[in-house]
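The file work.tsv contains TSV, C-alpha atoms and all ligand atoms:
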```tsv
chain	number	residue	atom	x	y	z
A	1	MET	CA	20.42	-14.00	10.67
A	2	ASN	CA	19.30	-16.72	13.10
A	3	ILE	CA	15.56	-16.43	13.56
A	4	GLU	CA	14.64	-17.48	17.08
A	5	ARG	CA	11.06	-16.41	17.48
A	6	ILE	CA	8.14	-15.28	15.34
A	7	GLU	CA	5.00	-13.75	16.83
A	8	LEU	CA	1.72	-12.99	15.09
A	9	PHE	CA	-0.77	-10.45	16.41
A	10	HIS	CA	-4.25	-10.30	14.91
A	11	ILE	CA	-5.24	-6.71	15.61
A	12	ARG	CA	-8.36	-4.61	15.17
A	13	ILE	CA	-7.94	-0.84	15.31
A	14	PRO	CA	-10.73	1.71	14.75
A	15	LEU	CA	-10.35	4.15	11.84
A	16	VAL	CA	-11.02	7.78	12.73
A	17	ALA	CA	-13.67	7.77	9.97
A	18	PRO	CA	-15.20	4.96	7.87
A	19	PHE	CA	-13.51	4.38	4.50
A	20	GLU	CA	-15.77	3.41	1.59
A	21	THR	CA	-14.56	2.02	-1.73
A	22	SER	CA	-16.39	0.33	-4.59
A	23	PHE	CA	-15.82	-3.01	-2.81
A	24	GLY	CA	-17.05	-2.09	0.68
A	25	VAL	CA	-16.83	-0.01	3.83
A	26	THR	CA	-14.12	-0.32	6.49
A	27	THR	CA	-14.74	1.12	9.95
A	28	ASP	CA	-12.18	-0.92	11.89
A	29	ARG	CA	-9.01	-2.09	10.22
A	30	GLU	CA	-8.01	-5.64	11.04
A	31	SER	CA	-4.55	-6.85	10.17
A	32	ILE	CA	-1.73	-9.09	11.30
A	33	LEU	CA	1.37	-7.62	12.88
A	34	VAL	CA	4.49	-9.76	12.80
A	35	ARG	CA	7.30	-9.55	15.34
A	36	ILE	CA	10.46	-11.49	14.58
A	37	THR	CA	13.42	-11.88	16.93
A	38	ALA	CA	16.77	-12.85	15.42
A	39	ASP	CA	20.21	-12.56	17.05
A	40	ASP	CA	18.46	-10.63	19.87
A	41	VAL	CA	17.19	-7.95	17.47
A	42	THR	CA	13.46	-7.42	17.04
A	43	GLY	CA	11.81	-6.46	13.76
A	44	TRP	CA	8.21	-5.62	12.87
A	45	GLY	CA	6.09	-6.27	9.82
A	46	GLU	CA	2.43	-5.72	8.96
A	47	SER	CA	0.21	-7.67	6.61
A	48	VAL	CA	-2.01	-5.53	4.42
A	49	ALA	CA	-4.58	-8.32	4.10
A	50	ASP	CA	-8.04	-7.33	5.30
A	51	ALA	CA	-10.68	-9.25	7.22
A	52	ASP	CA	-12.72	-9.67	4.01
A	53	PRO	CA	-11.61	-10.72	0.51
A	54	GLY	CA	-12.84	-7.47	-1.14
A	55	TYR	CA	-9.62	-5.99	-2.46
A	56	SER	CA	-7.77	-9.31	-2.73
A	57	TYR	CA	-8.46	-12.98	-2.09
A	58	GLU	CA	-6.08	-12.81	0.87
A	59	THR	CA	-7.61	-12.34	4.30
A	60	ILE	CA	-6.45	-12.41	7.91
A	61	THR	CA	-7.51	-16.05	8.07
A	62	THR	CA	-5.75	-17.17	4.87
A	63	ASN	CA	-2.62	-15.27	5.97
A	64	TRP	CA	-2.66	-16.97	9.36
A	65	HIS	CA	-3.01	-20.37	7.71
A	66	VAL	CA	-0.27	-19.79	5.13
A	67	MET	CA	2.12	-18.17	7.58
A	68	THR	CA	1.79	-20.78	10.31
A	69	GLY	CA	1.55	-23.80	8.02
A	70	TYR	CA	4.22	-22.94	5.46
A	71	LEU	CA	6.05	-19.62	5.61
A	72	ILE	CA	7.12	-19.64	9.26
A	73	PRO	CA	8.44	-23.24	9.04
A	74	ALA	CA	10.37	-22.20	5.88
A	75	LEU	CA	12.03	-19.37	7.81
A	76	PHE	CA	12.93	-21.65	10.74
A	77	ASN	CA	14.37	-24.20	8.33
A	78	ALA	CA	17.83	-22.57	8.00
A	79	PRO	CA	19.55	-19.25	8.80
A	80	ILE	CA	18.89	-16.50	6.29
A	81	GLY	CA	21.58	-14.18	4.92
A	82	ASP	CA	19.72	-11.04	4.01
A	83	PRO	CA	16.05	-10.25	3.50
A	84	ARG	CA	16.36	-10.47	-0.29
A	85	GLU	CA	16.51	-14.25	0.17
A	86	ALA	CA	12.97	-14.35	1.55
A	87	PRO	CA	11.17	-14.66	-1.82
A	88	MET	CA	13.27	-17.75	-2.70
A	89	ARG	CA	12.63	-19.23	0.74
A	90	PHE	CA	8.88	-18.77	0.18
A	91	SER	CA	8.86	-19.90	-3.45
A	92	ARG	CA	7.12	-23.20	-2.76
A	93	VAL	CA	4.01	-21.28	-1.79
A	94	ARG	CA	2.16	-19.91	-4.79
A	95	GLY	CA	0.56	-16.50	-4.37
A	96	HIS	CA	-0.32	-15.27	-0.86
A	97	ASN	CA	1.88	-12.25	-1.48
A	98	MET	CA	0.57	-10.28	1.48
A	99	ALA	CA	1.45	-13.07	3.92
A	100	LYS	CA	4.96	-13.33	2.44
A	101	ALA	CA	5.46	-9.56	2.45
A	102	ALA	CA	4.59	-9.19	6.14
A	103	LEU	CA	7.23	-11.70	7.21
A	104	GLU	CA	9.81	-10.30	4.80
A	105	ALA	CA	9.16	-6.81	6.19
A	106	ALA	CA	10.21	-7.82	9.70
A	107	LEU	CA	13.43	-9.28	8.26
A	108	TRP	CA	14.21	-5.96	6.55
A	109	ASP	CA	13.68	-4.12	9.84
A	110	ILE	CA	16.09	-6.50	11.59
A	111	ALA	CA	18.72	-6.39	8.83
A	112	ALA	CA	18.71	-2.58	8.72
A	113	GLN	CA	19.16	-2.43	12.50
A	114	GLN	CA	22.01	-4.93	12.33
A	115	ALA	CA	23.67	-2.76	9.67
A	116	GLY	CA	23.27	0.25	11.98
A	117	LEU	CA	21.09	2.03	9.39
A	118	SER	CA	17.59	3.31	8.87
A	119	LEU	CA	15.59	1.07	6.54
A	120	ARG	CA	15.75	3.83	3.92
A	121	ASP	CA	19.55	3.97	4.07
A	122	TYR	CA	19.79	0.18	4.12
A	123	ILE	CA	17.73	-0.01	0.90
A	124	GLY	CA	19.94	2.76	-0.52
A	125	GLN	CA	23.07	0.81	0.39
A	126	LEU	CA	21.87	-2.48	-1.11
A	127	THR	CA	20.60	-0.89	-4.32
A	128	GLY	CA	23.29	1.76	-4.71
A	129	ARG	CA	20.53	4.33	-5.22
A	130	ARG	CA	20.24	7.87	-3.93
A	131	MET	CA	17.26	7.94	-1.56
A	132	LYS	CA	14.87	10.85	-0.92
A	133	ASP	CA	14.36	12.45	2.53
A	134	ARG	CA	10.79	13.56	1.99
A	135	ILE	CA	7.95	11.95	0.08
A	136	ILE	CA	5.26	13.89	-1.78
A	137	VAL	CA	1.98	12.52	-0.53
A	138	GLY	CA	-1.72	12.71	-1.25
A	139	VAL	CA	-4.86	11.71	0.54
A	140	SER	CA	-7.23	8.96	-0.55
A	141	ILE	CA	-10.82	9.94	0.13
A	142	GLY	CA	-13.50	7.28	0.35
A	143	ILE	CA	-16.96	7.52	-1.19
A	144	GLN	CA	-19.01	9.99	0.87
A	145	PRO	CA	-22.75	9.88	1.59
A	146	THR	CA	-23.38	12.95	-0.61
A	147	THR	CA	-21.54	15.15	-3.09
A	148	GLU	CA	-21.71	18.03	-0.59
A	149	LYS	CA	-20.03	15.92	2.10
A	150	LEU	CA	-17.35	14.97	-0.42
A	151	LEU	CA	-16.57	18.61	-1.21
A	152	GLU	CA	-16.41	19.43	2.51
A	153	ARG	CA	-14.12	16.52	3.19
A	154	ILE	CA	-11.75	17.46	0.38
A	155	GLU	CA	-11.70	21.07	1.59
A	156	SER	CA	-10.74	19.95	5.11
A	157	PHE	CA	-7.90	17.74	3.85
A	158	LEU	CA	-6.53	20.50	1.63
A	159	GLN	CA	-6.21	22.66	4.73
A	160	TYR	CA	-3.78	20.11	6.18
A	161	GLY	CA	-1.55	20.63	3.15
A	162	TYR	CA	-2.07	17.51	1.03
A	163	LEU	CA	-0.97	18.23	-2.53
A	164	ARG	CA	-2.97	15.56	-4.32
A	165	VAL	CA	-6.50	14.30	-3.81
A	166	LYS	CA	-7.62	10.83	-4.82
A	167	MET	CA	-11.34	10.20	-4.79
A	168	LYS	CA	-12.88	6.76	-4.85
A	169	ILE	CA	-15.58	6.19	-7.45
A	170	LYS	CA	-18.14	3.47	-8.11
A	171	PRO	CA	-21.03	3.12	-10.57
A	172	GLY	CA	-23.63	5.76	-9.72
A	173	ARG	CA	-21.06	7.84	-7.82
A	174	ASP	CA	-18.69	8.82	-10.58
A	175	LEU	CA	-18.95	11.46	-13.31
A	176	HIS	CA	-21.32	13.75	-11.42
A	177	ASP	CA	-19.11	13.75	-8.31
A	178	VAL	CA	-15.86	14.14	-10.25
A	179	ARG	CA	-17.29	17.09	-12.21
A	180	ALA	CA	-18.47	18.73	-8.99
A	181	VAL	CA	-15.04	18.32	-7.40
A	182	ARG	CA	-13.31	19.67	-10.50
A	183	ALA	CA	-15.64	22.68	-10.59
A	184	ALA	CA	-15.01	23.43	-6.90
A	185	PHE	CA	-11.23	22.90	-7.11
A	186	PRO	CA	-10.23	23.81	-10.68
A	187	ASP	CA	-6.44	23.59	-10.21
A	188	GLN	CA	-6.25	20.81	-7.64
A	189	MET	CA	-4.09	17.79	-8.47
A	190	LEU	CA	-6.88	15.21	-8.64
A	191	MET	CA	-7.27	11.54	-9.53
A	192	VAL	CA	-9.88	8.80	-9.22
A	193	ASP	CA	-9.67	5.17	-8.09
A	194	ALA	CA	-12.41	2.76	-9.25
A	195	ASN	CA	-11.04	-0.38	-7.57
A	196	SER	CA	-12.11	-2.49	-10.57
A	197	ALA	CA	-15.76	-1.46	-10.55
A	198	TYR	CA	-16.19	-1.09	-14.33
A	199	THR	CA	-15.91	-2.98	-17.61
A	200	LEU	CA	-14.82	-2.02	-21.10
A	201	GLN	CA	-18.50	-1.28	-21.83
A	202	ASP	CA	-18.03	1.80	-19.65
A	203	ALA	CA	-15.34	3.27	-21.92
A	204	GLU	CA	-17.60	6.23	-22.74
A	205	LEU	CA	-17.76	7.20	-19.05
A	206	PHE	CA	-13.97	7.41	-18.90
A	207	ARG	CA	-13.80	9.33	-22.19
A	208	GLN	CA	-16.07	11.88	-20.52
A	209	MET	CA	-13.64	12.14	-17.61
A	210	ASP	CA	-10.86	12.87	-20.07
A	211	ASP	CA	-11.72	16.59	-20.09
A	212	LEU	CA	-11.41	16.93	-16.32
A	213	ASN	CA	-7.63	17.11	-16.22
A	214	LEU	CA	-7.21	14.11	-13.93
A	215	LEU	CA	-3.69	13.08	-12.97
A	216	MET	CA	-4.68	9.46	-13.60
A	217	ILE	CA	-7.52	6.93	-13.44
A	218	GLU	CA	-6.61	4.07	-11.12
A	219	GLN	CA	-7.72	0.49	-11.83
A	220	PRO	CA	-10.95	1.13	-13.73
A	221	LEU	CA	-11.44	-2.46	-15.00
A	222	GLY	CA	-11.10	-6.05	-13.78
A	223	TYR	CA	-8.96	-6.75	-10.73
A	224	ASP	CA	-7.16	-9.49	-12.66
A	225	ASP	CA	-7.23	-7.84	-16.07
A	226	ILE	CA	-4.44	-6.39	-18.15
A	227	TYR	CA	-5.75	-7.00	-21.67
A	228	GLU	CA	-8.94	-4.93	-21.47
A	229	HIS	CA	-7.05	-2.04	-19.90
A	230	SER	CA	-4.87	-2.16	-23.03
A	231	LYS	CA	-8.08	-1.59	-25.02
A	232	LEU	CA	-9.15	1.32	-22.83
A	233	GLN	CA	-5.89	3.24	-22.45
A	234	PRO	CA	-5.58	4.18	-26.18
A	235	GLN	CA	-9.06	5.72	-26.03
A	236	LEU	CA	-7.95	8.16	-23.30
A	237	LYS	CA	-5.50	11.01	-22.88
A	238	THR	CA	-5.62	10.51	-19.11
A	239	PRO	CA	-3.08	7.93	-17.93
A	240	ILE	CA	-4.42	4.69	-16.50
A	241	CYS	CA	-2.66	3.51	-13.33
A	242	LEU	CA	-2.83	-0.16	-12.43
A	243	ASP	CA	-3.10	-1.32	-8.81
A	244	GLU	CA	-5.00	-4.62	-8.29
A	245	SER	CA	-3.77	-6.22	-11.57
A	246	ILE	CA	-0.04	-6.04	-10.89
A	247	HIS	CA	1.43	-8.76	-8.64
A	248	THR	CA	4.92	-9.26	-10.10
A	249	PRO	CA	7.57	-7.37	-12.04
A	250	ASP	CA	6.55	-9.53	-15.05
A	251	HIS	CA	2.96	-8.28	-14.82
A	252	ALA	CA	4.33	-4.74	-14.95
A	253	ARG	CA	6.39	-5.51	-18.05
A	254	MET	CA	3.37	-7.12	-19.70
A	255	ALA	CA	1.07	-4.20	-18.88
A	256	ILE	CA	3.60	-1.66	-20.13
A	257	GLU	CA	4.34	-3.55	-23.34
A	258	LEU	CA	0.62	-3.97	-24.06
A	259	GLY	CA	0.01	-0.26	-23.42
A	260	ALA	CA	-2.46	-1.09	-20.65
A	261	CYS	CA	-1.25	1.69	-18.34
A	262	LYS	CA	1.18	4.59	-18.12
A	263	ILE	CA	1.63	4.54	-14.33
A	264	ILE	CA	1.88	1.79	-11.71
A	265	ASN	CA	0.92	1.96	-8.05
A	266	ILE	CA	3.35	-0.17	-6.04
A	267	LYS	CA	2.12	-1.81	-2.86
A	268	GLN	CA	4.78	-4.00	-1.32
A	269	GLY	CA	2.11	-6.27	0.18
A	270	ARG	CA	0.39	-6.88	-3.15
A	271	VAL	CA	3.67	-7.80	-4.88
A	272	GLY	CA	5.01	-10.14	-2.17
A	273	GLY	CA	7.40	-7.90	-0.26
A	274	LEU	CA	10.04	-5.23	-0.47
A	275	THR	CA	12.41	-7.27	-2.65
A	276	HIS	CA	9.82	-7.62	-5.41
A	277	ALA	CA	8.62	-4.04	-4.90
A	278	ILE	CA	12.15	-2.77	-5.54
A	279	ALA	CA	12.43	-4.98	-8.65
A	280	LEU	CA	9.09	-3.65	-9.89
A	281	HIS	CA	10.27	-0.09	-9.31
A	282	ASP	CA	13.34	-0.85	-11.44
A	283	VAL	CA	11.32	-2.42	-14.28
A	284	CYS	CA	9.06	0.63	-14.44
A	285	GLU	CA	12.02	2.99	-14.33
A	286	ALA	CA	13.70	1.16	-17.24
A	287	HIS	CA	10.49	1.70	-19.26
A	288	ASN	CA	10.11	5.35	-18.22
A	289	VAL	CA	6.94	4.53	-16.30
A	290	PRO	CA	6.62	6.58	-13.10
A	291	VAL	CA	5.40	4.89	-9.92
A	292	TRP	CA	3.96	5.91	-6.57
A	293	CYS	CA	3.43	4.07	-3.33
A	294	GLY	CA	-0.08	2.82	-2.70
A	295	GLY	CA	-1.54	2.48	0.78
A	296	MET	CA	-3.75	-0.09	2.46
A	297	LEU	CA	-4.75	1.88	5.56
A	298	GLU	CA	-1.63	0.57	7.29
A	299	THR	CA	-0.78	1.35	10.89
A	300	GLY	CA	2.45	3.24	11.44
A	301	ILE	CA	4.42	-0.01	11.06
A	302	GLY	CA	3.44	-0.49	7.43
A	303	ARG	CA	3.56	3.26	6.83
A	304	ALA	CA	7.19	3.49	8.00
A	305	LEU	CA	8.12	0.69	5.58
A	306	ASN	CA	6.23	2.35	2.72
A	307	LEU	CA	8.02	5.64	3.31
A	308	ALA	CA	11.42	3.93	3.11
A	309	LEU	CA	10.37	2.23	-0.15
A	310	ALA	CA	8.95	5.45	-1.62
A	311	ALA	CA	12.35	7.10	-1.07
A	312	LEU	CA	13.60	5.29	-4.22
A	313	PRO	CA	14.08	7.71	-7.15
A	314	ASN	CA	11.34	6.51	-9.55
A	315	PHE	CA	8.60	7.19	-6.97
A	316	THR	CA	7.95	10.54	-8.64
A	317	LEU	CA	4.16	10.82	-8.29
A	318	PRO	CA	2.39	11.60	-4.98
A	319	SER	CA	1.94	8.50	-2.80
A	320	ASP	CA	-1.09	7.37	-0.77
A	321	LEU	CA	0.71	7.96	2.50
A	322	SER	CA	-1.07	10.30	4.85
A	323	ALA	CA	-0.50	11.52	8.40
A	324	SER	CA	-1.24	9.06	11.23
A	325	ASN	CA	-4.21	11.11	12.48
A	326	ARG	CA	-5.96	10.68	9.13
A	327	TYR	CA	-6.25	6.96	9.92
A	328	TYR	CA	-5.86	6.14	13.62
A	329	ASN	CA	-5.90	8.10	16.83
A	330	PRO	CA	-3.85	6.88	18.45
A	331	ASP	CA	-1.80	4.77	16.06
A	332	VAL	CA	0.05	1.77	17.52
A	333	ILE	CA	3.45	3.49	17.06
A	334	GLU	CA	5.27	6.59	18.25
A	335	PRO	CA	6.07	9.14	17.04
A	336	PRO	CA	3.03	9.68	14.80
A	337	PHE	CA	3.56	10.72	11.17
A	338	GLU	CA	2.78	14.34	10.53
A	339	ILE	CA	2.57	16.22	7.26
A	340	ASN	CA	5.27	18.86	6.62
A	341	SER	CA	4.35	22.38	5.51
A	342	ASP	CA	5.46	21.53	1.96
A	343	GLY	CA	2.92	18.68	1.69
A	344	THR	CA	5.44	15.90	2.24
A	345	LEU	CA	6.01	13.20	4.85
A	346	SER	CA	9.56	12.76	6.13
A	347	VAL	CA	11.13	9.33	5.88
A	348	PRO	CA	12.08	8.09	9.38
A	349	THR	CA	15.81	8.35	10.11
A	350	GLY	CA	16.00	6.13	13.23
A	351	LEU	CA	17.40	2.59	13.11
A	352	GLY	CA	15.36	0.13	11.04
A	353	LEU	CA	11.77	1.27	10.62
A	354	GLY	CA	12.50	4.20	12.93
A	355	VAL	CA	9.24	3.94	14.88
A	356	SER	CA	8.43	2.22	18.20
A	357	VAL	CA	5.42	0.11	18.94
A	358	VAL	CA	3.67	1.20	22.15
A	359	PRO	CA	3.09	-2.07	24.10
A	360	GLU	CA	0.06	-0.74	25.98
A	361	ARG	CA	-1.72	0.22	22.73
A	362	LEU	CA	-0.79	-3.05	21.07
A	363	ARG	CA	-2.31	-4.98	23.97
A	364	LYS	CA	-5.58	-3.05	23.63
A	365	ILE	CA	-6.05	-3.82	19.95
A	366	THR	CA	-4.84	-7.44	19.93
A	367	LEU	CA	-7.53	-10.08	19.34
A	368	ARG	CA	-5.17	-13.03	19.09
A	369	HIS	CA	-1.46	-13.50	19.75
A	370	GLU	CA	0.54	-16.59	18.89
A	371	VAL	CA	4.24	-17.31	19.43
A	372	PHE	CA	6.38	-19.69	17.35
A	373	GLU	CA	9.84	-20.75	18.42
A	374	ARG	CA	12.47	-22.52	16.47
A	401	LIG	O1	-7.11	0.86	-3.88
A	401	LIG	O2	-5.57	2.10	-3.14
A	401	LIG	C1	-6.53	1.35	-2.92
A	401	LIG	C2	-7.25	1.25	0.84
A	401	LIG	C3	-7.58	-0.08	1.00
A	401	LIG	C4	-7.61	-0.89	-0.10
A	401	LIG	C5	-7.29	-0.40	-1.36
A	401	LIG	C6	-6.93	0.93	-1.53
A	401	LIG	C7	-6.95	1.78	-0.41
A	401	LIG	C8	-6.67	3.20	-0.46
A	401	LIG	C9	-6.18	3.85	0.81
A	401	LIG	O3	-6.89	3.89	-1.44
A	401	LIG	C10	-4.85	4.47	0.69
A	401	LIG	C11	-4.28	4.84	2.03
A	401	LIG	O4	-3.80	3.93	2.77
A	401	LIG	O5	-4.25	6.02	2.34
A	402	MG	MG	-6.17	1.50	-5.65
```
Rendering of file as structure tokens:
Amino acid sequence: MNIERIELFHIRIPLVAPFETSFGVTTDRESILVRITADDVTGWGESVADADPGYSYETITTNWHVMTGYLIPALFNAPIGDPREAPMRFSRVRGHNMAKAALEAALWDIAAQQAGLSLRDYIGQLTGRRMKDRIIVGVSIGIQPTTEKLLERIESFLQYGYLRVKMKIKPGRDLHDVRAVRAAFPDQMLMVDANSAYTLQDAELFRQMDDLNLLMIEQPLGYDDIYEHSKLQPQLKTPICLDESIHTPDHARMAIELGACKIINIKQGRVGGLTHAIALHDVCEAHNVPVWCGGMLETGIGRALNLALAALPNFTLPSDLSASNRYYNPDVIEPPFEINSDGTLSVPTGLGLGVSVVPERLRKITLRHEVFER
């Protein structure tokens, strides 16, 4: 693959409704879209970094700096064989996984197109794994102004056919809300995500949630912690799922061996790209730890990539991948993702990512565009 041109687009796209987590509220999603041209084929990637360092230290600005100063020059340095070489090419930059992942994503899109395959089938070919056609998905519901609004919002999403509900919690908006939701929807597949808002001192709160038949409790403690989660998990029947704490396949092995979690949420951006995400999937599978695909309010570009990843066999739990109209209207791609009647999303079957960016919409949401040529 001879990379000729790399373009970065800083975009800002309005969410159909504000999304509140324990670390803040998002009304407009900002991100960086990457377009790479190699051998006359164009591939797209999307950084999951946000404008603010709430979920992660990475931001649009740090991504721009690391991409333009280090990662893009490393890609222009020499031709690249296949996208699995990207992590080695980027290895002189420590961290900044989201920046690395966005560039690697565009290389996967190109390589799949060059192989004449959908990204899903290309991953299947490289890994020798049998890939799924449809992904079981759930909806992630932000903190609502009141408990009543929360119940209404859940009700409306269930009508679309989502099989699993994830509700965000934060101190002061936790046990009472979760109990109310459980009482209103006794048999609903339900989980909570704390986004690191608690400490081990709050163990009693989670023991009280243990009776509510939750599918899992996602990232209750420190964003960089594994050890304290290993102290909490044995106190609970409910599985803990780690999100923020896991950045490498080694972190996953450590967390599993310490008994810090029973489930891992894989976000390719958080772990530095598809190559590492696949390795993480394999580590979890070898330890009988199920995984699911996390979301970062991606546009359809990141969503298409996530669906191809989630087609791997150990993605057995419902993923945070919802229909396009739950996030953006319109999205930057066509066709939009729609939920099937069985509560799944179909993995795109077209070449590469299998979605097309609509130039007119991209132009409207672009704040800054920069082009780099070899
Ligand atoms: O913790 O999973 C999270 C969105 C932004 C940042 C962190 C998280 C989330 C979500 C949204 O939960 C999932 C989605 O994209 O649907
Ligand atoms: Mg999470």
Using only C-alpha atoms and all ligand atoms, I'd like a table of the residues in chain A that come within 7 Å of ligand LIG 401 (chain A); for each, show the closest atom pair and its distance in Å rounded to one decimal, ordered by chain and ascending number, as a Markdown table.
```
| residue | atom | partner | partner_atom | distance |
| --- | --- | --- | --- | --- |
| A:Tyr55 | CA | A:LIG401 | C4 | 6.0 |
| A:Val139 | CA | A:LIG401 | O5 | 6.0 |
| A:Ser140 | CA | A:LIG401 | O5 | 5.1 |
| A:Asp193 | CA | A:LIG401 | O1 | 6.5 |
| A:Asn195 | CA | A:LIG401 | O1 | 5.5 |
| A:Asp243 | CA | A:LIG401 | O1 | 6.7 |
| A:Gly294 | CA | A:LIG401 | O2 | 5.6 |
| A:Gly295 | CA | A:LIG401 | O4 | 3.3 |
| A:Met296 | CA | A:LIG401 | O4 | 4.0 |
| A:Leu297 | CA | A:LIG401 | O4 | 3.6 |
| A:Glu298 | CA | A:LIG401 | O4 | 6.0 |
| A:Asp320 | CA | A:LIG401 | O5 | 4.6 |
| A:Leu321 | CA | A:LIG401 | O5 | 5.3 |
| A:Ser322 | CA | A:LIG401 | O5 | 5.9 |
```
Using all atoms listed in the file, give me every residue within 9 Å of (2.4, -7.8, 3.0) in file coordinates, as an NGL selection string.
:A and (45-49 or 96-105 or 267-274 or 302)
What gap, in Å, lies between CA of Arg374 in chain A and CA of His10 in chain A?
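Distance between the two atoms: 20.8 Å.
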Determine the nearest neighbour of Ala78 in chain A from the options A:Glu244, A:Gly138, A:Glu4, A:Leu107, counting only C-alpha atoms.
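Going through A:Glu244, A:Gly138, A:Glu4, A:Leu107 one by one, the smallest distance to Ala78 in chain A is for A:Glu4.
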Please report the interatomic distance between CA of Ala184 in chain A and CA of Gln219 in chain A in Å with one decimal.
24.6 Å
Min atom-atom distance to ligand MG 402 (chain A) from the set A:Gly343, A:Thr299, A:Ala304, A:Tyr223, counting all atoms listed in the file, belongs to A:Tyr223
Residue nearest Tyr122 in chain A - candidates A:Gln144, A:Asp82, A:Val178, A:Gly300, atoms counted: only C-alpha atoms
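Between A:Gln144, A:Asp82, A:Val178, A:Gly300, the residue approaching Tyr122 in chain A most closely is A:Asp82.
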Spatial neighbours of Leu258 in chain A, max dist 9 Å, all atoms listed in the file, sep filter under 2 positions, as a count of residues only:
10
May I ask for the distance between CA of Ser245 in chain A and CA of Gly222 in chain A, given in Å to one decimal place?
7.7 Å
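Proximity of A:Ala86, A:Leu345, A:Ile217, A:Ala17 to His276 in chain A, computed with all atoms listed in the file, is greatest for A:Ala86.
Nearest residue to ligand MG 402 (chain A) among A:Pro53, A:Pro220, A:Pro14, A:Gly69 is A:Pro220, counting all atoms listed in the file.
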Long-range neighbours of range 129-134 of chain A as a compact mmCIF listing (two decimals) with C-alpha atoms, keeping the file's coordinate frame, 6 Å cut-off, all atoms listed in the file, 4 positions minimum in chain:
```txt
# COMPACT_ATOMS: atom_id res chain seq x y z
CA GLY A 124 19.94 2.76 -0.52
CA ALA A 311 12.35 7.10 -1.07
CA LEU A 312 13.60 5.29 -4.22
CA THR A 344 5.44 15.90 2.24
CA LEU A 345 6.01 13.20 4.85
CA SER A 346 9.56 12.76 6.13
CA VAL A 347 11.13 9.33 5.88
```
Given only C-alpha atoms and all ligand atoms as the basis, pick out the residue of A:Val283, A:Ile6, A:Leu212, A:Ile246 nearest to ligand MG 402 (chain A).
A:Ile246
